[in-house]
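S.K.: Contents are mmCIF, C-alpha atoms; file name start31.cif:
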```cif
data_data
loop_
_atom_site.label_atom_id
_atom_site.label_comp_id
_atom_site.auth_asym_id
_atom_site.auth_seq_id
_atom_site.Cartn_x
_atom_site.Cartn_y
_atom_site.Cartn_z
CA MET A 1 13.20 -7.43 3.82
CA ALA A 2 11.19 -4.22 3.47
CA GLU A 3 14.31 -2.08 3.14
CA THR A 4 15.65 -4.37 0.42
CA THR A 5 12.35 -4.16 -1.44
CA GLU A 6 12.32 -0.36 -1.22
CA ARG A 7 15.90 -0.16 -2.45
CA ARG A 8 15.14 -2.38 -5.41
CA ALA A 9 12.01 -0.41 -6.19
CA ALA A 10 13.99 2.82 -6.21
CA GLU A 11 16.68 1.52 -8.53
CA ALA A 12 16.11 2.17 -12.23
CA PRO A 13 16.14 -0.99 -14.37
CA THR A 14 19.53 -1.25 -16.03
CA THR A 15 18.71 -3.30 -19.14
CA LYS A 16 16.20 -2.83 -21.93
CA SER A 17 14.45 -6.05 -20.90
CA ALA A 18 14.21 -4.90 -17.28
CA ARG A 19 12.88 -1.50 -18.35
CA THR A 20 10.26 -3.13 -20.55
CA ARG A 21 9.20 -5.43 -17.72
CA GLU A 22 8.84 -2.42 -15.43
CA ARG A 23 6.73 -0.61 -18.06
CA ILE A 24 4.45 -3.64 -18.26
CA LEU A 25 4.10 -3.80 -14.49
CA ASP A 26 3.41 -0.06 -14.26
CA ALA A 27 0.75 -0.32 -16.96
CA ALA A 28 -0.83 -3.38 -15.35
CA ALA A 29 -1.00 -1.61 -11.98
CA HIS A 30 -2.70 1.36 -13.64
CA VAL A 31 -5.27 -0.79 -15.45
CA LEU A 32 -5.88 -3.11 -12.51
CA SER A 33 -6.39 -0.23 -10.10
CA ARG A 34 -9.12 1.18 -12.34
CA LYS A 35 -10.77 -1.81 -14.02
CA GLY A 36 -10.36 -4.54 -11.42
CA TYR A 37 -9.35 -8.13 -11.85
CA ALA A 38 -12.22 -9.15 -14.13
CA GLY A 39 -11.86 -6.08 -16.34
CA THR A 40 -8.08 -6.15 -16.79
CA ARG A 41 -7.14 -7.30 -20.29
CA LEU A 42 -3.63 -7.72 -21.59
CA VAL A 43 -4.49 -5.70 -24.68
CA ASP A 44 -5.29 -2.74 -22.42
CA VAL A 45 -2.10 -3.23 -20.45
CA ALA A 46 -0.07 -3.36 -23.66
CA ALA A 47 -1.76 -0.24 -25.02
CA HIS A 48 -1.05 1.69 -21.82
CA ALA A 49 2.57 0.53 -21.90
CA GLY A 50 2.93 1.45 -25.58
CA LEU A 51 3.76 -2.14 -26.52
CA GLN A 52 2.36 -4.93 -28.62
CA ALA A 53 0.38 -7.43 -26.55
CA PRO A 54 2.63 -10.44 -27.44
CA THR A 55 5.55 -8.62 -25.82
CA ILE A 56 3.96 -9.22 -22.43
CA TYR A 57 4.35 -12.98 -22.81
CA TYR A 58 8.11 -12.61 -23.07
CA HIS A 59 8.09 -11.37 -19.46
CA PHE A 60 5.00 -13.01 -17.95
CA ALA A 61 3.58 -16.40 -18.82
CA SER A 62 -0.03 -15.34 -18.31
CA ARG A 63 -2.36 -12.53 -17.30
CA ASP A 64 -2.66 -14.07 -13.85
CA GLU A 65 1.10 -14.20 -13.36
CA LEU A 66 1.29 -10.50 -14.21
CA ILE A 67 -1.55 -9.64 -11.83
CA GLU A 68 0.01 -11.74 -9.07
CA GLU A 69 3.22 -9.73 -9.40
CA VAL A 70 1.36 -6.41 -9.31
CA MET A 71 -0.48 -7.47 -6.17
CA TRP A 72 2.76 -8.42 -4.45
CA VAL A 73 4.55 -5.23 -5.50
CA GLY A 74 1.63 -3.18 -4.15
CA ALA A 75 1.87 -4.83 -0.75
CA ALA A 76 5.67 -4.76 -0.64
CA ARG A 77 6.13 -1.14 -1.63
CA VAL A 78 3.71 0.38 0.85
CA HIS A 79 5.39 -1.71 3.56
CA ALA A 80 8.83 -0.52 2.50
CA HIS A 81 7.68 3.10 2.29
CA VAL A 82 6.22 3.10 5.80
CA VAL A 83 9.35 1.44 7.19
CA ALA A 84 11.54 4.07 5.50
CA GLU A 85 9.46 6.91 6.97
CA LEU A 86 9.65 5.38 10.44
CA ASP A 87 13.41 4.83 10.14
CA ALA A 88 13.85 8.50 9.23
CA LEU A 89 12.31 9.70 12.50
CA PRO A 90 14.63 11.15 15.13
CA ALA A 91 15.77 8.89 17.92
CA GLY A 92 13.42 9.12 20.85
CA THR A 93 10.26 9.76 18.81
CA SER A 94 7.37 8.62 20.96
CA PRO A 95 5.47 5.41 20.08
CA LEU A 96 2.28 7.41 19.52
CA ASP A 97 4.05 9.77 17.12
CA ARG A 98 5.42 6.74 15.27
CA ILE A 99 1.85 5.54 14.73
CA LEU A 100 0.86 9.00 13.46
CA THR A 101 3.81 8.95 11.05
CA ALA A 102 2.83 5.50 9.81
CA VAL A 103 -0.75 6.68 9.24
CA GLU A 104 0.42 9.58 7.09
CA ALA A 105 2.94 7.47 5.18
CA HIS A 106 0.37 4.78 4.41
CA LEU A 107 -2.30 7.20 3.20
CA ARG A 108 0.03 9.30 1.07
CA TYR A 109 1.57 6.25 -0.57
CA GLU A 110 -1.79 4.60 -1.17
CA LEU A 111 -3.58 7.63 -2.56
CA LEU A 112 -0.89 9.79 -4.13
CA ILE A 113 2.15 7.76 -5.04
CA SER A 114 1.33 4.21 -6.05
CA ASP A 115 -1.05 2.62 -8.55
CA TYR A 116 0.38 -0.66 -7.31
CA THR A 117 -0.87 -0.23 -3.77
CA THR A 118 -4.29 0.97 -4.93
CA ALA A 119 -4.53 -2.03 -7.26
CA SER A 120 -3.52 -4.40 -4.47
CA ILE A 121 -6.02 -2.97 -2.00
CA ARG A 122 -8.94 -2.75 -4.42
CA ASN A 123 -8.50 -6.26 -5.78
CA ALA A 124 -7.63 -8.14 -2.60
CA ASN A 125 -11.03 -9.85 -2.57
CA GLN A 126 -11.39 -10.17 -6.34
CA VAL A 127 -8.40 -12.22 -7.43
CA PRO A 128 -8.44 -16.02 -7.07
CA GLU A 129 -7.03 -17.28 -3.80
CA GLY A 130 -4.05 -18.87 -5.53
CA LEU A 131 -2.89 -15.45 -6.72
CA ARG A 132 -3.07 -14.00 -3.21
CA ALA A 133 -0.47 -16.15 -1.47
CA LYS A 134 2.59 -14.09 -2.35
CA ALA A 135 0.92 -10.77 -1.55
CA ALA A 136 -0.70 -12.20 1.58
CA ALA A 137 2.70 -13.11 3.02
CA GLU A 138 3.87 -9.52 2.53
CA GLU A 139 0.64 -8.18 4.00
CA ALA A 140 1.15 -10.37 7.06
CA ALA A 141 4.61 -8.88 7.57
CA TYR A 142 3.11 -5.39 7.22
CA ALA A 143 0.42 -6.25 9.76
CA ARG A 144 3.15 -7.30 12.20
CA LEU A 145 4.76 -3.88 11.77
CA TRP A 146 1.51 -2.22 12.82
CA ARG A 147 1.05 -4.70 15.67
CA ASP A 148 4.47 -3.75 17.01
CA LEU A 149 3.69 -0.04 16.71
CA PHE A 150 0.48 -0.43 18.71
CA THR A 151 2.09 -2.72 21.28
CA ALA A 152 4.89 -0.22 21.89
CA ALA A 153 2.39 2.62 22.34
CA MET A 154 0.31 0.54 24.74
CA ASP A 155 3.38 -0.44 26.77
CA ALA A 156 4.34 3.24 26.96
CA GLY A 157 0.92 4.17 28.33
CA GLN A 158 0.09 6.21 25.23
CA LEU A 159 -3.04 4.23 24.34
CA ARG A 160 -6.14 3.73 26.49
CA PRO A 161 -5.59 0.70 28.73
CA ASP A 162 -9.04 -0.69 27.83
CA LEU A 163 -8.29 -0.62 24.10
CA ASP A 164 -8.32 -3.88 22.17
CA ILE A 165 -5.27 -3.08 20.06
CA THR A 166 -5.81 -5.97 17.65
CA VAL A 167 -9.32 -4.90 16.71
CA THR A 168 -8.39 -1.22 16.74
CA ARG A 169 -5.37 -1.77 14.50
CA MET A 170 -7.45 -3.73 11.99
CA LEU A 171 -10.19 -1.12 11.99
CA LEU A 172 -7.67 1.67 11.39
CA LEU A 173 -5.99 -0.14 8.50
CA GLY A 174 -9.36 -1.07 7.02
CA ALA A 175 -10.54 2.53 7.17
CA MET A 176 -7.36 3.82 5.53
CA ASN A 177 -7.50 1.20 2.78
CA TRP A 178 -11.16 1.95 2.09
CA ALA A 179 -10.25 5.58 1.42
CA ALA A 180 -9.01 4.41 -2.00
CA GLU A 181 -12.66 3.80 -2.90
CA TRP A 182 -14.23 7.05 -1.79
CA TRP A 183 -11.63 9.78 -1.42
CA ASN A 184 -12.04 12.57 -3.95
CA PRO A 185 -9.40 15.35 -3.88
CA ARG A 186 -12.00 17.79 -5.21
CA HIS A 187 -13.94 17.45 -1.96
CA ARG A 188 -11.20 16.87 0.63
CA THR A 189 -7.49 17.47 0.34
CA LEU A 190 -5.12 14.66 1.18
CA ASP A 191 -3.83 16.80 4.06
CA ASP A 192 -7.40 16.92 5.44
CA LEU A 193 -7.71 13.16 5.15
CA VAL A 194 -4.37 12.52 6.86
CA ARG A 195 -5.26 14.92 9.66
CA ALA A 196 -8.65 13.23 10.22
CA ALA A 197 -7.06 9.78 10.38
CA GLN A 198 -4.42 10.98 12.80
CA ASP A 199 -7.10 12.60 14.95
CA MET A 200 -8.84 9.21 15.18
CA VAL A 201 -5.67 7.94 16.81
CA ARG A 202 -4.97 11.00 18.97
CA TYR A 203 -8.47 11.48 20.35
CA GLY A 204 -10.07 8.06 19.96
CA MET A 205 -7.25 5.78 21.08
CA ALA A 206 -4.98 7.80 23.35
CA PRO A 207 -5.87 8.36 27.03
CA ALA A 208 -7.92 11.44 27.80
CA THR A 209 -5.87 14.35 29.11
CA SER A 210 -7.08 16.75 31.74
#
```
Is it possible to express this structure as structure tokens?
M.R.:
Amino acid sequence: MAETTERRAAEAPTTKSARTRERILDAAAHVLSRKGYAGTRLVDVAAHAGLQAPTIYYHFASRDELIEEVMWVGAARVHAHVVAELDALPAGTSPLDRILTAVEAHLRYELLISDYTTASIRNANQVPEGLRAKAAAEEAAYARLWRDLFTAAMDAGQLRPDLDITVTRMLLLGAMNWAAEWWNPRHRTLDDLVRAAQDMVRYGMAPATS
């Protein structure tokens, strides 16, 4: 499913209606990532998209329907991006190196590439529960990807045997997602942030080497 989502995301809309819908979604992701659920107004979305506000209702029945779609796209695209980066690794890449690749892919997509993912992460606890179901299903699939990465590394002896991989995985993902709230490129480069997160895995989760 993730590969299909990534392929669709990469394809340019082929009709004027599809292009307009994509402009609305892009604008909504931008506004939502900065103003939050309560502060997102359709008039602001329309202004950012360079459209009249009534145009939005041709594509989305309500503000909440638009926000629900943005939240899902945010979850789906980061999932697809990480899967694509993992699939591009050479055969035989170690399970630990696959985790390190996933860490970098997640952070770069979250902080550099996608307003959608930032919007999804920042508003996960703000939107009404009914708007979370679609995104939550995608997030659950993404969590399973990380579970499998950690399980493979543990089975290969590349993680400390005493490590609770469920708690550790959730702490790692939580820390990376929280970076959207505090990271400032004027103080730390993204390369620095990626390296620090990878070092948490290398030196905090892997067995000590003599």
S.K.: Run the PyMOL selection byres ((chain A and resi 151) around 12) mentally over the shown coordinates, then write out the matched residues as a VMD selection string, using the chain letters and numbers from the document.
M.R.: chain A and resid 95 to 96 98 to 99 144 to 150 152 to 161 163 to 166 168 to 169
S.K.: One number please: atom CA of Tyr116 of chain A to atom CA of Leu32 of chain A, in Å, one decimal.
M.R.: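 Separating atom CA of Tyr116 of chain A from atom CA of Leu32 of chain A is a distance of 8.5 Å.
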S.K.: Enter the distance from atom CA of Ala29 of chain A to atom CA of Ala105 of chain A, in Å, rounded to one decimal.
M.R.: 19.8 Å
S.K.: Counting all atoms listed in the file, figure out which residue out of A:Trp178, A:Tyr203, A:Tyr57, A:Trp183 gets nearest to Arg122 of chain A.
M.R.: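 Checking each candidate against Arg122 of chain A, we get A:Trp178 as the closest.
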S.K.: Might you spell out which residues the PyMOL selection byres ((chain A and resi 35-39) around 8) would select in the displayed file, as a PDB file with C-alpha atoms, in the frame of the given file?
M.R.:
```
ATOM      1  CA  VAL A  31      -5.270  -0.790 -15.450  1.00  0.00           C
ATOM      2  CA  LEU A  32      -5.880  -3.110 -12.510  1.00  0.00           C
ATOM      3  CA  SER A  33      -6.390  -0.230 -10.100  1.00  0.00           C
ATOM      4  CA  ARG A  34      -9.120   1.180 -12.340  1.00  0.00           C
ATOM      5  CA  THR A  40      -8.080  -6.150 -16.790  1.00  0.00           C
ATOM      6  CA  ARG A  41      -7.140  -7.300 -20.290  1.00  0.00           C
ATOM      7  CA  ILE A  67      -1.550  -9.640 -11.830  1.00  0.00           C
ATOM      8  CA  ALA A 119      -4.530  -2.030  -7.260  1.00  0.00           C
ATOM      9  CA  ARG A 122      -8.940  -2.750  -4.420  1.00  0.00           C
ATOM     10  CA  ASN A 123      -8.500  -6.260  -5.780  1.00  0.00           C
ATOM     11  CA  GLN A 126     -11.390 -10.170  -6.340  1.00  0.00           C
ATOM     12  CA  VAL A 127      -8.400 -12.220  -7.430  1.00  0.00           C
TER      13      VAL A 127
END
```
S.K.: Applying the PyMOL selection byres ((chain A and resi 111) around 12) to the file I just gave you, which residues come out? Please list them as a VMD selection string.
M.R.: chain A and resid 33 78 104 to 110 112 to 119 121 to 122 176 to 185 189 to 191 193 to 194
S.K.: Go ahead and save the picked residues with C-alpha atoms, as a PDB file, in the coordinates of the input.
M.R.:
```pdb
ATOM      1  CA  SER A  33      -6.390  -0.230 -10.100  1.00  0.00           C
ATOM      2  CA  VAL A  78       3.710   0.380   0.850  1.00  0.00           C
ATOM      3  CA  GLU A 104       0.420   9.580   7.090  1.00  0.00           C
ATOM      4  CA  ALA A 105       2.940   7.470   5.180  1.00  0.00           C
ATOM      5  CA  HIS A 106       0.370   4.780   4.410  1.00  0.00           C
ATOM      6  CA  LEU A 107      -2.300   7.200   3.200  1.00  0.00           C
ATOM      7  CA  ARG A 108       0.030   9.300   1.070  1.00  0.00           C
ATOM      8  CA  TYR A 109       1.570   6.250  -0.570  1.00  0.00           C
ATOM      9  CA  GLU A 110      -1.790   4.600  -1.170  1.00  0.00           C
ATOM     10  CA  LEU A 112      -0.890   9.790  -4.130  1.00  0.00           C
ATOM     11  CA  ILE A 113       2.150   7.760  -5.040  1.00  0.00           C
ATOM     12  CA  SER A 114       1.330   4.210  -6.050  1.00  0.00           C
ATOM     13  CA  ASP A 115      -1.050   2.620  -8.550  1.00  0.00           C
ATOM     14  CA  TYR A 116       0.380  -0.660  -7.310  1.00  0.00           C
ATOM     15  CA  THR A 117      -0.870  -0.230  -3.770  1.00  0.00           C
ATOM     16  CA  THR A 118      -4.290   0.970  -4.930  1.00  0.00           C
ATOM     17  CA  ALA A 119      -4.530  -2.030  -7.260  1.00  0.00           C
ATOM     18  CA  ILE A 121      -6.020  -2.970  -2.000  1.00  0.00           C
ATOM     19  CA  ARG A 122      -8.940  -2.750  -4.420  1.00  0.00           C
ATOM     20  CA  MET A 176      -7.360   3.820   5.530  1.00  0.00           C
ATOM     21  CA  ASN A 177      -7.500   1.200   2.780  1.00  0.00           C
ATOM     22  CA  TRP A 178     -11.160   1.950   2.090  1.00  0.00           C
ATOM     23  CA  ALA A 179     -10.250   5.580   1.420  1.00  0.00           C
ATOM     24  CA  ALA A 180      -9.010   4.410  -2.000  1.00  0.00           C
ATOM     25  CA  GLU A 181     -12.660   3.800  -2.900  1.00  0.00           C
ATOM     26  CA  TRP A 182     -14.230   7.050  -1.790  1.00  0.00           C
ATOM     27  CA  TRP A 183     -11.630   9.780  -1.420  1.00  0.00           C
ATOM     28  CA  ASN A 184     -12.040  12.570  -3.950  1.00  0.00           C
ATOM     29  CA  PRO A 185      -9.400  15.350  -3.880  1.00  0.00           C
ATOM     30  CA  THR A 189      -7.490  17.470   0.340  1.00  0.00           C
ATOM     31  CA  LEU A 190      -5.120  14.660   1.180  1.00  0.00           C
ATOM     32  CA  ASP A 191      -3.830  16.800   4.060  1.00  0.00           C
ATOM     33  CA  LEU A 193      -7.710  13.160   5.150  1.00  0.00           C
ATOM     34  CA  VAL A 194      -4.370  12.520   6.860  1.00  0.00           C
TER      35      VAL A 194
END
```
S.K.: Rank A:Ser62, A:Gln52, A:Thr20, A:Thr101 by their smallest atom-to-atom distance to Ala197 of chain A, using only C-alpha atoms, and report the top residue only.
M.R.: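 With only C-alpha atoms as the atom set, the closest residue is A:Thr101.
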S.K.: Name all residues at most 10 Å from Gly130 of chain A (count all atoms listed in the file; drop same-chain ones fewer than 3 positions away) and give them as a list of chain:residue names.
M.R.: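 The filter keeps A:Asp64, A:Glu68, A:Val127, A:Ala133, A:Lys134.
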S.K.: Can you work out the spacing between atom CA of Ala140 of chain A and atom CA of Leu172 of chain A in Å, to one decimal?
M.R.: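 Between atom CA of Ala140 of chain A and atom CA of Leu172 of chain A the gap works out to 15.5 Å.
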S.K.: Choose the residue, out of A:Asp192, A:Glu69, A:Asp162, A:Glu85, that has the smallest atom-to-atom separation from Pro207 of chain A; count only C-alpha atoms.
M.R.: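 Between A:Asp192, A:Glu69, A:Asp162, A:Glu85, the residue approaching Pro207 of chain A most closely is A:Asp162.
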S.K.: So which one's closest to Met200 of chain A, A:Ala80, A:Ala18, A:Val167, A:Val103? Using all atoms listed in the file, please.
M.R.: A:Val103
S.K.: Which centre and which edge lengths, in Å to one decimal, describe the axis-aligned box that holds all listed atoms of segment 176-188 of chain A after 5 Å is added on each side, as AutoDock Vina command-line options?
M.R.:
```
--center_x -10.8 --center_y 9.5 --center_z 0.2 --size_x 16.9 --size_y 26.6 --size_z 20.7
```
S.K.: Nearest residue to Gly50 of chain A out of A:Arg132, A:Arg23, A:His187, A:Arg202, using all atoms listed in the file?
M.R.: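 Residue with the minimum atom-to-atom distance to Gly50 of chain A: A:Arg23.
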S.K.: Go through A:Ala46, A:Leu66, A:Ala143, A:Val82 one by one, measure the shortest atom-to-atom distance of each to Met170 of chain A using all atoms listed in the file, and give the residue with the smallest value.
M.R.: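 Comparing A:Ala46, A:Leu66, A:Ala143, A:Val82 against Met170 of chain A, the winner is A:Ala143.
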S.K.: Write only N, CA and C atoms for segment 132-166 of chain A from the block just shown, as a PDB file, in the first residue's frame.
M.R.:
```pdb
ATOM      1  N   ARG A 132      -9.606  11.396  13.010  1.00  0.00           N
ATOM      2  CA  ARG A 132      -8.326  10.727  13.153  1.00  0.00           C
ATOM      3  C   ARG A 132      -8.336   9.310  12.609  1.00  0.00           C
ATOM      4  N   ALA A 133      -9.518   8.742  12.368  1.00  0.00           N
ATOM      5  CA  ALA A 133      -9.587   7.307  12.062  1.00  0.00           C
ATOM      6  C   ALA A 133      -8.786   6.939  10.824  1.00  0.00           C
ATOM      7  N   LYS A 134      -8.946   7.685   9.763  1.00  0.00           N
ATOM      8  CA  LYS A 134      -8.258   7.368   8.513  1.00  0.00           C
ATOM      9  C   LYS A 134      -6.744   7.489   8.673  1.00  0.00           C
ATOM     10  N   ALA A 135      -6.299   8.573   9.284  1.00  0.00           N
ATOM     11  CA  ALA A 135      -4.863   8.755   9.512  1.00  0.00           C
ATOM     12  C   ALA A 135      -4.330   7.727  10.504  1.00  0.00           C
ATOM     13  N   ALA A 136      -5.133   7.402  11.522  1.00  0.00           N
ATOM     14  CA  ALA A 136      -4.684   6.461  12.545  1.00  0.00           C
ATOM     15  C   ALA A 136      -4.415   5.083  11.952  1.00  0.00           C
ATOM     16  N   ALA A 137      -5.222   4.677  10.984  1.00  0.00           N
ATOM     17  CA  ALA A 137      -5.001   3.381  10.332  1.00  0.00           C
ATOM     18  C   ALA A 137      -3.666   3.376   9.597  1.00  0.00           C
ATOM     19  N   GLU A 138      -3.344   4.476   8.931  1.00  0.00           N
ATOM     20  CA  GLU A 138      -2.057   4.579   8.236  1.00  0.00           C
ATOM     21  C   GLU A 138      -0.907   4.621   9.233  1.00  0.00           C
ATOM     22  N   GLU A 139      -1.101   5.332  10.335  1.00  0.00           N
ATOM     23  CA  GLU A 139      -0.066   5.404  11.361  1.00  0.00           C
ATOM     24  C   GLU A 139       0.193   4.035  11.983  1.00  0.00           C
ATOM     25  N   ALA A 140      -0.856   3.242  12.118  1.00  0.00           N
ATOM     26  CA  ALA A 140      -0.690   1.890  12.661  1.00  0.00           C
ATOM     27  C   ALA A 140       0.152   1.031  11.718  1.00  0.00           C
ATOM     28  N   ALA A 141      -0.074   1.176  10.419  1.00  0.00           N
ATOM     29  CA  ALA A 141       0.731   0.437   9.446  1.00  0.00           C
ATOM     30  C   ALA A 141       2.189   0.894   9.500  1.00  0.00           C
ATOM     31  N   TYR A 142       2.398   2.187   9.682  1.00  0.00           N
ATOM     32  CA  TYR A 142       3.757   2.726   9.792  1.00  0.00           C
ATOM     33  C   TYR A 142       4.426   2.203  11.062  1.00  0.00           C
ATOM     34  N   ALA A 143       3.674   2.147  12.148  1.00  0.00           N
ATOM     35  CA  ALA A 143       4.226   1.618  13.399  1.00  0.00           C
ATOM     36  C   ALA A 143       4.641   0.158  13.232  1.00  0.00           C
ATOM     37  N   ARG A 144       3.889  -0.600  12.449  1.00  0.00           N
ATOM     38  CA  ARG A 144       4.260  -2.002  12.211  1.00  0.00           C
ATOM     39  C   ARG A 144       5.565  -2.098  11.434  1.00  0.00           C
ATOM     40  N   LEU A 145       5.793  -1.153  10.512  1.00  0.00           N
ATOM     41  CA  LEU A 145       7.062  -1.122   9.794  1.00  0.00           C
ATOM     42  C   LEU A 145       8.217  -0.971  10.778  1.00  0.00           C
ATOM     43  N   TRP A 146       8.103  -0.035  11.705  1.00  0.00           N
ATOM     44  CA  TRP A 146       9.152   0.175  12.692  1.00  0.00           C
ATOM     45  C   TRP A 146       9.283  -1.015  13.630  1.00  0.00           C
ATOM     46  N   ARG A 147       8.159  -1.624  13.995  1.00  0.00           N
ATOM     47  CA  ARG A 147       8.212  -2.827  14.841  1.00  0.00           C
ATOM     48  C   ARG A 147       9.023  -3.913  14.153  1.00  0.00           C
ATOM     49  N   ASP A 148       8.790  -4.093  12.859  1.00  0.00           N
ATOM     50  CA  ASP A 148       9.512  -5.132  12.120  1.00  0.00           C
ATOM     51  C   ASP A 148      11.003  -4.809  12.014  1.00  0.00           C
ATOM     52  N   LEU A 149      11.334  -3.532  11.853  1.00  0.00           N
ATOM     53  CA  LEU A 149      12.741  -3.134  11.798  1.00  0.00           C
ATOM     54  C   LEU A 149      13.443  -3.468  13.117  1.00  0.00           C
ATOM     55  N   PHE A 150      12.793  -3.130  14.225  1.00  0.00           N
ATOM     56  CA  PHE A 150      13.407  -3.395  15.535  1.00  0.00           C
ATOM     57  C   PHE A 150      13.471  -4.888  15.833  1.00  0.00           C
ATOM     58  N   THR A 151      12.438  -5.625  15.457  1.00  0.00           N
ATOM     59  CA  THR A 151      12.435  -7.064  15.686  1.00  0.00           C
ATOM     60  C   THR A 151      13.563  -7.738  14.916  1.00  0.00           C
ATOM     61  N   ALA A 152      13.754  -7.323  13.665  1.00  0.00           N
ATOM     62  CA  ALA A 152      14.829  -7.908  12.854  1.00  0.00           C
ATOM     63  C   ALA A 152      16.194  -7.616  13.461  1.00  0.00           C
ATOM     64  N   ALA A 153      16.381  -6.387  13.950  1.00  0.00           N
ATOM     65  CA  ALA A 153      17.668  -6.040  14.558  1.00  0.00           C
ATOM     66  C   ALA A 153      17.889  -6.814  15.851  1.00  0.00           C
ATOM     67  N   MET A 154      16.832  -6.997  16.628  1.00  0.00           N
ATOM     68  CA  MET A 154      16.958  -7.775  17.865  1.00  0.00           C
ATOM     69  C   MET A 154      17.289  -9.229  17.544  1.00  0.00           C
ATOM     70  N   ASP A 155      16.609  -9.800  16.573  1.00  0.00           N
ATOM     71  CA  ASP A 155      16.857 -11.202  16.195  1.00  0.00           C
ATOM     72  C   ASP A 155      18.277 -11.397  15.676  1.00  0.00           C
ATOM     73  N   ALA A 156      18.836 -10.335  15.069  1.00  0.00           N
ATOM     74  CA  ALA A 156      20.196 -10.422  14.537  1.00  0.00           C
ATOM     75  C   ALA A 156      21.254 -10.136  15.596  1.00  0.00           C
ATOM     76  N   GLY A 157      20.826  -9.867  16.826  1.00  0.00           N
ATOM     77  CA  GLY A 157      21.781  -9.570  17.890  1.00  0.00           C
ATOM     78  C   GLY A 157      22.379  -8.189  17.793  1.00  0.00           C
ATOM     79  N   GLN A 158      21.716  -7.286  17.067  1.00  0.00           N
ATOM     80  CA  GLN A 158      22.264  -5.940  16.891  1.00  0.00           C
ATOM     81  C   GLN A 158      21.641  -4.907  17.824  1.00  0.00           C
ATOM     82  N   LEU A 159      20.759  -5.360  18.718  1.00  0.00           N
ATOM     83  CA  LEU A 159      20.230  -4.517  19.778  1.00  0.00           C
ATOM     84  C   LEU A 159      20.518  -5.193  21.112  1.00  0.00           C
ATOM     85  N   ARG A 160      20.616  -4.417  22.179  1.00  0.00           N
ATOM     86  CA  ARG A 160      20.861  -4.982  23.502  1.00  0.00           C
ATOM     87  C   ARG A 160      19.770  -5.981  23.849  1.00  0.00           C
ATOM     88  N   PRO A 161      20.124  -7.141  24.355  1.00  0.00           N
ATOM     89  CA  PRO A 161      19.121  -8.174  24.640  1.00  0.00           C
ATOM     90  C   PRO A 161      18.137  -7.778  25.729  1.00  0.00           C
ATOM     91  N   ASP A 162      18.516  -6.807  26.582  1.00  0.00           N
ATOM     92  CA  ASP A 162      17.630  -6.375  27.665  1.00  0.00           C
ATOM     93  C   ASP A 162      16.678  -5.260  27.224  1.00  0.00           C
ATOM     94  N   LEU A 163      16.767  -4.850  25.969  1.00  0.00           N
ATOM     95  CA  LEU A 163      16.003  -3.701  25.488  1.00  0.00           C
ATOM     96  C   LEU A 163      14.528  -4.074  25.308  1.00  0.00           C
ATOM     97  N   ASP A 164      13.655  -3.229  25.808  1.00  0.00           N
ATOM     98  CA  ASP A 164      12.226  -3.371  25.523  1.00  0.00           C
ATOM     99  C   ASP A 164      11.989  -2.659  24.190  1.00  0.00           C
ATOM    100  N   ILE A 165      11.900  -3.433  23.107  1.00  0.00           N
ATOM    101  CA  ILE A 165      11.875  -2.800  21.789  1.00  0.00           C
ATOM    102  C   ILE A 165      10.563  -2.069  21.518  1.00  0.00           C
ATOM    103  N   THR A 166       9.496  -2.435  22.192  1.00  0.00           N
ATOM    104  CA  THR A 166       8.240  -1.704  22.002  1.00  0.00           C
ATOM    105  C   THR A 166       8.348  -0.305  22.584  1.00  0.00           C
TER     106      THR A 166
END
```
